Amino acid sequence: MTISRLFRSRTWLVALLLPAVAPVGAGVSSEAAADRFSRFDPATFRRAIDGDRLVLLVLDVPWSEFARRGREELRSDPAIAEVLDQGFIAIRERADLRPDLTRRYPAEGWPAMTILLPDGSPMYAVDEQGEVIRRLTTGFRPAPEIARWLKAARALYDARRRTVLEAASARIDAMARTAVPRAGTATRLFVWNQARLLDASFDRKARYFGGPPRIPRFAAIELMQILALEGEPSYRGIGPAAIETLSRRLRDPDTGGLYRMALGEDWEEPQKEQLLDRNARYLEILTRAWRVGGRKTDRERGLAVVRFLVDRLGLPDGSFAAGLCSACDGGRDETVIAGDVALAGAALVRAGAAFGEPSAVERGLAALEFVADRRFRPGRGVAREIADGRAVLETDLEDLSSTLWGFVTAYEATGNAVWRQRAEALARLMLDRLHDDATGALYDVVARPSGPPPLRVPLFPIPPNARAARALVRLSEITGHGLYRDAARDIVDAFAGGTPVVRLWTAELALAAHDLVFEREEALVVGRPDDPRAVALARAALGAEAPRVVVRWVDPQRPERAGLPRDIVGRRPTLVGRYRGRLSRPVTDPGEVRGALAWLIETVTREPETTGDSPTGDGRRER
C-alpha cells in the first residue's frame with residue numbers, strides 16, 4: 001500500500017491510537033539480539049538528527065513484570081528490530097532514576113513508550129487537516145502491535161513532516177505556558193478550605209479517600225490528623241479510619257511492609273511491590289497516629305515497618321534498597337535512591353524517638369550519614385544514584401527536598417552543628433539553583449538550554465515544592481533565620497491560587513501552608529549536644545505531639561540569644577517549651593517532657609484570643 005492510500009484509508013489512525021492500557025500479550029522471541037538501547041544524552045540526539053531518525057523512548061522500572069517483558073520484546077522481536085533499524089533510535093532509561101524525563105514524557109503503563117522527533121520533542125498524531133489527535137505513547141503491547149505502531153508513526157512523519165513538526169513546536173510552547181503556577185496567598189482559611197475538599201472526597205462507607213485505583217494518601221491522612229488536633233472534631237475519625245483501611249488492605253502480613261497500590265475499587269488486584277519511599281511515609285503516619293492517639297496497634301505496626309526497613313531493605317553501608325519486588329533479580333531492587341534513603345532515615349529517627357527505640361534512631365542517622373557522605377556534594381547537589389561511577393541527576397528537587405528534611409531531622413535529634421551546616425548549605429544550593437524569581441516556586445531540575453526542547457521547559461511539580469517549603473520552615477525555626485521562612489512563603493504562595501478542586505497534591509500543599517501560617521510549639525533544649533542527658537530530652541520532645549513540636553538547641557552559655565532568662569541554666573540540661581510567647585516549666589527528666597509540652601498548649605489555647613485574629617468564615621476563630 002502506498003503512503004497516500006494508507007492515509008486515505010485511515011488505517012494509519014487505528015495503528016497510531018493504540019490504547020495505553022496494557023493487555024497481556026504475546027510471548028518473547030527466543031532469539032535475543034544485541035541490546036539496541038541508547039542513553040538519553042546529547043550524542044544520541046545528534047545521531048538521530050544526523051540520520052533523520054525518530055526516537056523510541058522507553059521509560060521503565062525494575063519492579064514491573066510488564067516492563068521486563070516489554071524490554072525483552074523490544075530487544076529481541078524480529079519485526080520490531082526491522083522497524084527500528086529502518087528509521088528509529090531506541091532509548092531506554094529507568095523512570096525512577098530519571099523523574100525529569102517522566103515528568104516531560106508521561107505515559108501510562110510500564111514500559112512507558114513515547115515516540116519522539118529527532119530533536120527530542122514528543123511526536124503527535126495529526127489528521128488530514130493538521131489537527132492534533134494525541135501524543136504517541138503507549139504502555140505494554142504485544143510485539144506485532146508495537147511494530148505496526150512504529151511503522152505507522154514513521155509513515156506519518158515521512159508524509160507530513162512539516163505539520164508534525166509544527167504540532168510538536170506548538171505543544172512545547174503550550175507546555176511552557178501551562179507549567180507556570182497560579183499565585184495566591186496561603187492563609188489559615190486556605191488550609192481549612194483544602195481540608196474541606198479532602199473531607200468531601202472521603203468515602204465514609206469505604207473509609208478511605210477516592211479511588212480507584214487505591215493508592216496510599218499519606219498527605220491527606222497527615223493533614224486530617226493535624227487539623228483534628230487544631231480543633232476540628234469532625235476530622236478526628238478520618239485519619240484513624242484511613243490508616244486502618246490502608247493497613248488492612250495493603251499491608252503485607254509477613255513483612256509488615258506496605259504494598260504499592262491496589263487497582264480495584266474494593267482493593268482488588270494489589271500491586272505487591274513494597275517500595276522504600278511508600279514505607280517511609282507509612283511509618284511517618286503511624287508514628288504520628290501513635291503520638292496523638294496512643295493506640296497500641298499503631299505502635300506495633302510502626303515497629304513492624306521499622307523491622308521491614310532495617311531487615312528487608314537495609315544495606316551494610318547504612319543505605320536502603322529501593323524495594324522488594326517479585327520481578328526484580330533476587331526479589332529485591334538493590335538501587336539506592338538518595339532522596340528515598342533520606343526520607344526513610346528521617347522517618348526512622350522520628351519513629352524511634354516516639355516509640356522509645358534508640359536503635360531505630362541510630363539506624364536512621366546512619367542512613368542520613370550515608371546520604372551526607374556518599375551523595376551530597378556541597379555546591380553541586382545530591383546525586384540521585386551513582387551509575388557507572390557517575391552521578392545521576394544531582395539537582396532534582398525530589399532528592400534535594402527530601403534530603404533537606406532528613407538533615408534538619410538529624411540536627412533536631414542530635415544537636416550536632418554539622419547537620420545544621422549541611423542543611424543550610426543544601427538549602428542555599430536549592431534556592432540558588434532552582435528558585436524562580438518570577439513565580440517564587442522551585443524548578444524541578446536545573447534547565448538544560450542545549451538539551452531537547454522539553455528539557456528546556458521549566459516545570460514546577462507541586463509535591464516536591466511543598467516538601468521543600470516544609471523543610472525550609474523547619475530550618476527557619478531551628479536556626480532563627482527568617483530568609484528560609486520567606487523562601488517557603490514564596491513557594492507556597494506561588495501555588496495558592498490554583499483551582500479549588502481535589503488533586504493528588506492538594507494535601508501536600510495544604511500541609512506546607514499549615515506549617516507556614518499556624519504557630520508551632522518550640523522545645524528549647526538548653527544543653528550541650530555531647531551530653532547524653534540533653535540528647536535524651538531532645539528525643540523525648542521529638543517523639544511528643546502537642547500538637548506540633550520543633551526541637552531547638554540552645555547554647556547553655558548564651559540562653560538569652562533564644563529569648564530565655566539566664567536563670568534557666570542549671571547544672572543539668574533543661575528543656576523548656578515555648579508557645580505564643582509563653583513558657584512551660586523547666587524539666588530535666590525526659591519522662592516529663594511530653595506532659596510539660598501538652599500542658600503548655602492546653603493552657604495557652606484556653607486563653608481568650610488577644611491577637612486580633614479574624615474569623616475563618618465558618619464560625620470558628622483562627623488559632
# chains A, B, ... in the order shown; residues from 1 in each chain; ligands from 1

call {"tool": "residues_around", "arguments": {"residues": "segment 400-409 of chain A", "least_positions_apart": "4", "cutoff": "7 Å", "atoms": "only C-alpha atoms", "output": "list in words"}}
result
Gly339, Ala342, Leu343, Gly345, Ala346, Leu368, Val382, Thr395, Asp396, Ala413, Trp419, Arg420, Arg422, Ala423, Leu426, Ala427, Met430, Pro464, Arg467, Ala468, Ala471 and Leu475 of chain A

call {"tool": "residues_around", "arguments": {"residues": "segment 271-274 of chain A", "least_positions_apart": "5", "cutoff": "12 Å", "atoms": "only C-alpha atoms", "output": "ChimeraX atom specification"}}
result
/A:61-65,213-216,249-264,279-280,282,305,308-309,312-313,321-328,331-333

call {"tool": "select_by_dssp", "arguments": {"residues": "segment 311-529 of chain A", "states": "strand (DSSP E or B)", "output": "list in words"}}
result
Gly314, Phe320, Gly323, Leu324, Arg332, Asp333, Phe376, Arg377, Gly381, Val382, Glu385, Ile386, Ala387, Arg390, Ala391, Val392, His435, Leu442, Glu521, Glu522, Ala523, Leu524, Val525 and Val526 of chain A

call {"tool": "write_last_selection", "arguments": {"atoms": "N, CA, C and O atoms", "output": "compact mmCIF listing (two decimals), in the first residue's frame"}}
result
# COMPACT_ATOMS: atom_id res chain seq x y z
N GLY A 314 17.53 -2.86 54.41
CA GLY A 314 18.77 -2.27 54.87
C GLY A 314 19.99 -2.85 54.18
O GLY A 314 20.07 -4.06 53.93
N PHE A 320 19.56 2.05 52.03
CA PHE A 320 18.46 1.11 51.87
C PHE A 320 18.25 0.79 50.40
O PHE A 320 18.43 1.67 49.53
N GLY A 323 13.41 -1.43 47.15
CA GLY A 323 12.17 -2.13 47.45
C GLY A 323 12.25 -3.62 47.23
O GLY A 323 13.21 -4.14 46.65
N LEU A 324 11.23 -4.32 47.72
CA LEU A 324 11.05 -5.74 47.43
C LEU A 324 10.12 -5.86 46.24
O LEU A 324 9.12 -5.15 46.15
N ARG A 332 14.64 -8.34 45.10
CA ARG A 332 14.86 -7.03 45.70
C ARG A 332 15.55 -6.11 44.71
O ARG A 332 16.48 -6.53 44.02
N ASP A 333 15.08 -4.88 44.64
CA ASP A 333 15.72 -3.87 43.80
C ASP A 333 16.82 -3.22 44.63
O ASP A 333 16.55 -2.49 45.59
N PHE A 376 25.67 13.71 48.89
CA PHE A 376 25.59 15.16 48.97
C PHE A 376 26.91 15.78 48.53
O PHE A 376 27.97 15.44 49.07
N ARG A 377 26.83 16.68 47.56
CA ARG A 377 28.01 17.36 47.06
C ARG A 377 27.79 18.86 47.23
O ARG A 377 27.09 19.48 46.43
N GLY A 381 24.89 19.53 44.54
CA GLY A 381 23.58 18.93 44.72
C GLY A 381 23.65 17.60 45.42
O GLY A 381 24.57 17.32 46.19
N VAL A 382 22.66 16.76 45.16
CA VAL A 382 22.55 15.43 45.74
C VAL A 382 22.40 14.44 44.60
O VAL A 382 21.44 14.52 43.82
N GLU A 385 21.55 8.75 42.21
CA GLU A 385 22.16 7.42 42.18
C GLU A 385 23.56 7.58 41.59
O GLU A 385 23.88 8.60 40.95
N ILE A 386 24.40 6.61 41.80
CA ILE A 386 25.71 6.56 41.16
C ILE A 386 25.69 5.40 40.18
O ILE A 386 25.52 4.25 40.58
N ALA A 387 25.81 5.70 38.90
CA ALA A 387 25.78 4.67 37.86
C ALA A 387 27.03 4.78 37.01
O ALA A 387 27.37 5.87 36.53
N ARG A 390 29.35 7.54 37.79
CA ARG A 390 28.95 8.93 37.58
C ARG A 390 27.65 9.23 38.33
O ARG A 390 26.78 8.37 38.49
N ALA A 391 27.53 10.48 38.77
CA ALA A 391 26.33 10.91 39.48
C ALA A 391 25.17 11.02 38.51
O ALA A 391 25.32 11.52 37.40
N VAL A 392 24.00 10.57 38.94
CA VAL A 392 22.78 10.67 38.15
C VAL A 392 21.91 11.77 38.76
O VAL A 392 21.54 11.70 39.93
N HIS A 435 15.39 28.26 42.39
CA HIS A 435 14.35 29.25 42.67
C HIS A 435 14.08 30.12 41.46
O HIS A 435 15.00 30.65 40.83
N LEU A 442 9.97 26.63 42.89
CA LEU A 442 11.22 25.95 42.58
C LEU A 442 11.07 25.10 41.32
O LEU A 442 10.08 24.38 41.15
N GLU A 521 4.90 24.87 68.44
CA GLU A 521 5.50 24.89 69.77
C GLU A 521 6.98 24.55 69.67
O GLU A 521 7.36 23.60 68.97
N GLU A 522 7.80 25.33 70.35
CA GLU A 522 9.23 25.08 70.39
C GLU A 522 9.58 24.27 71.64
O GLU A 522 9.10 24.57 72.73
N ALA A 523 10.43 23.29 71.47
CA ALA A 523 11.03 22.58 72.59
C ALA A 523 12.49 23.04 72.66
O ALA A 523 13.31 22.63 71.85
N LEU A 524 12.78 23.93 73.60
CA LEU A 524 14.10 24.54 73.71
C LEU A 524 14.97 23.69 74.62
O LEU A 524 14.71 23.58 75.83
N VAL A 525 15.97 23.05 74.05
CA VAL A 525 16.88 22.19 74.80
C VAL A 525 18.10 23.02 75.18
O VAL A 525 18.90 23.40 74.31
N VAL A 526 18.23 23.31 76.47
CA VAL A 526 19.36 24.09 76.97
C VAL A 526 20.42 23.10 77.46
O VAL A 526 20.31 22.53 78.54

call {"tool": "atom_distance", "arguments": {"atom1": "atom CA of Lys296 of chain A", "atom2": "atom CA of Pro270 of chain A"}}
result
26.5 Å

call {"tool": "atom_distance", "arguments": {"atom1": "atom CA of Arg578 of chain A", "atom2": "atom CA of Gly293 of chain A"}}
result
22.8 Å

call {"tool": "residues_around", "arguments": {"residues": "Leu455 of chain A", "least_positions_apart": "5", "cutoff": "9 Å", "atoms": "only C-alpha atoms", "output": "list in words"}}
result
Asp100, Leu101, Arg104, Gly120, Ala447, Arg448, Pro449 and Ser450 of chain A

call {"tool": "residues_around", "arguments": {"residues": "Asp199 of chain A", "least_positions_apart": "6", "cutoff": "10 Å", "atoms": "only C-alpha atoms", "output": "VMD selection string"}}
result
chain A and resid 193 209 220 224 234 to 235 238 502

call {"tool": "write_last_selection", "arguments": {"atoms": "C-alpha atoms", "output": "mmCIF file, in the first residue's frame"}}
result
data_model
loop_
_atom_site.group_PDB
_atom_site.id
_atom_site.type_symbol
_atom_site.label_atom_id
_atom_site.label_comp_id
_atom_site.auth_asym_id
_atom_site.auth_seq_id
_atom_site.Cartn_x
_atom_site.Cartn_y
_atom_site.Cartn_z
ATOM 1 C CA ASN A 193 -10.659 25.075 52.529
ATOM 2 C CA PHE A 209 -10.164 8.793 50.045
ATOM 3 C CA ALA A 220 -4.328 13.573 53.175
ATOM 4 C CA MET A 224 -6.567 15.334 58.815
ATOM 5 C CA SER A 234 -15.305 16.186 62.524
ATOM 6 C CA TYR A 235 -11.823 15.254 61.280
ATOM 7 C CA ILE A 238 -10.854 10.292 59.368
ATOM 8 C CA VAL A 502 -9.078 17.906 44.882
#

call {"tool": "atom_distance", "arguments": {"atom1": "atom CA of Gly595 of chain A", "atom2": "atom CA of Ala544 of chain A"}}
result
8.9 Å

call {"tool": "residues_around", "arguments": {"residues": "Ile491 of chain A", "least_positions_apart": "5", "cutoff": "7 Å", "atoms": "only C-alpha atoms", "output": "list of chain:residue names"}}
result
A:Gly440, A:Ala441, A:Leu442, A:Asn465, A:Ala469

call {"tool": "closest_residue", "arguments": {"among": "A:Glu108, A:Glu394, A:Glu222, A:Asp298", "to": "Leu136 of chain A", "atoms": "only C-alpha atoms"}}
result
A:Glu108

call {"tool": "residues_around", "arguments": {"residues": "Ala354 of chain A", "least_positions_apart": "2", "cutoff": "10 Å", "atoms": "only C-alpha atoms", "output": "short mmCIF file (atom, residue, chain, number, x, y, z; two decimals) with C-alpha atoms, in the first residue's frame"}}
result
data_model
loop_
_atom_site.label_atom_id
_atom_site.label_comp_id
_atom_site.auth_asym_id
_atom_site.auth_seq_id
_atom_site.Cartn_x
_atom_site.Cartn_y
_atom_site.Cartn_z
CA THR A 287 4.29 7.43 64.21
CA ARG A 288 2.02 10.46 64.28
CA TRP A 290 0.81 6.76 67.98
CA ARG A 291 1.89 10.16 69.29
CA ARG A 299 2.89 1.35 67.61
CA LEU A 348 13.25 6.10 61.49
CA VAL A 349 14.66 8.88 63.65
CA ARG A 350 11.22 10.25 64.48
CA ALA A 351 9.69 6.80 64.92
CA GLY A 352 12.50 5.69 67.21
CA GLY A 356 11.26 4.70 72.61
CA GLU A 357 13.51 2.62 70.35
CA PRO A 358 17.05 4.12 70.34
CA VAL A 361 17.05 6.45 65.81
CA ARG A 539 14.49 12.94 71.52
CA ALA A 540 11.69 12.92 74.08
CA ALA A 541 10.47 16.20 72.54
CA LEU A 542 10.91 14.87 69.01
CA GLY A 543 8.62 11.97 69.93
CA ALA A 544 5.97 14.16 71.54
CA GLU A 545 2.86 15.56 69.89
#

call {"tool": "select_by_dssp", "arguments": {"residues": "segment 276-347 of chain A", "states": "helix (DSSP H, G or I)", "output": "number ranges by chain"}}
result
A: 276-293, 296-313, 329-331, 338-347

call {"tool": "write_last_selection", "arguments": {"atoms": "C-alpha atoms", "output": "compact mmCIF listing (two decimals), in the first residue's frame"}}
result
# COMPACT_ATOMS: atom_id res chain seq x y z
CA LEU A 276 11.12 2.28 50.20
CA ASP A 277 9.52 5.69 49.72
CA ARG A 278 5.99 4.46 50.41
CA ASN A 279 7.03 2.60 53.52
CA ALA A 280 8.93 5.61 54.85
CA ARG A 281 5.75 7.70 54.51
CA TYR A 282 3.68 4.89 56.02
CA LEU A 283 5.98 4.89 59.03
CA GLU A 284 5.53 8.65 59.36
CA ILE A 285 1.75 8.48 59.64
CA LEU A 286 1.86 5.50 62.02
CA THR A 287 4.29 7.43 64.21
CA ARG A 288 2.02 10.46 64.28
CA ALA A 289 -1.01 8.27 64.99
CA TRP A 290 0.81 6.76 67.98
CA ARG A 291 1.89 10.16 69.29
CA VAL A 292 -1.65 11.53 69.00
CA GLY A 293 -3.81 8.61 70.00
CA LYS A 296 -1.05 0.05 70.77
CA THR A 297 -1.89 -1.20 67.27
CA ASP A 298 -0.29 1.84 65.63
CA ARG A 299 2.89 1.35 67.61
CA GLU A 300 3.04 -2.36 66.77
CA ARG A 301 2.53 -1.67 63.09
CA GLY A 302 5.11 1.10 63.18
CA LEU A 303 7.68 -1.16 64.78
CA ALA A 304 6.93 -3.79 62.12
CA VAL A 305 7.72 -1.20 59.42
CA VAL A 306 10.93 -0.33 61.27
CA ARG A 307 11.94 -4.00 61.15
CA PHE A 308 10.93 -4.20 57.49
CA LEU A 309 13.13 -1.24 56.57
CA VAL A 310 16.09 -2.41 58.61
CA ASP A 311 15.95 -6.15 57.98
CA ARG A 312 14.48 -6.40 54.48
CA LEU A 313 15.76 -3.24 52.78
CA ASP A 329 16.56 -10.18 40.42
CA GLY A 330 16.69 -11.93 43.77
CA GLY A 331 13.36 -10.40 44.75
CA ALA A 338 19.28 9.24 47.72
CA GLY A 339 16.04 11.10 48.42
CA ASP A 340 14.19 7.94 49.42
CA VAL A 341 17.02 6.91 51.75
CA ALA A 342 16.85 10.35 53.37
CA LEU A 343 13.08 10.04 53.82
CA ALA A 344 13.48 6.63 55.41
CA GLY A 345 16.28 7.90 57.65
CA ALA A 346 14.17 10.80 58.92
CA ALA A 347 11.15 8.53 59.45
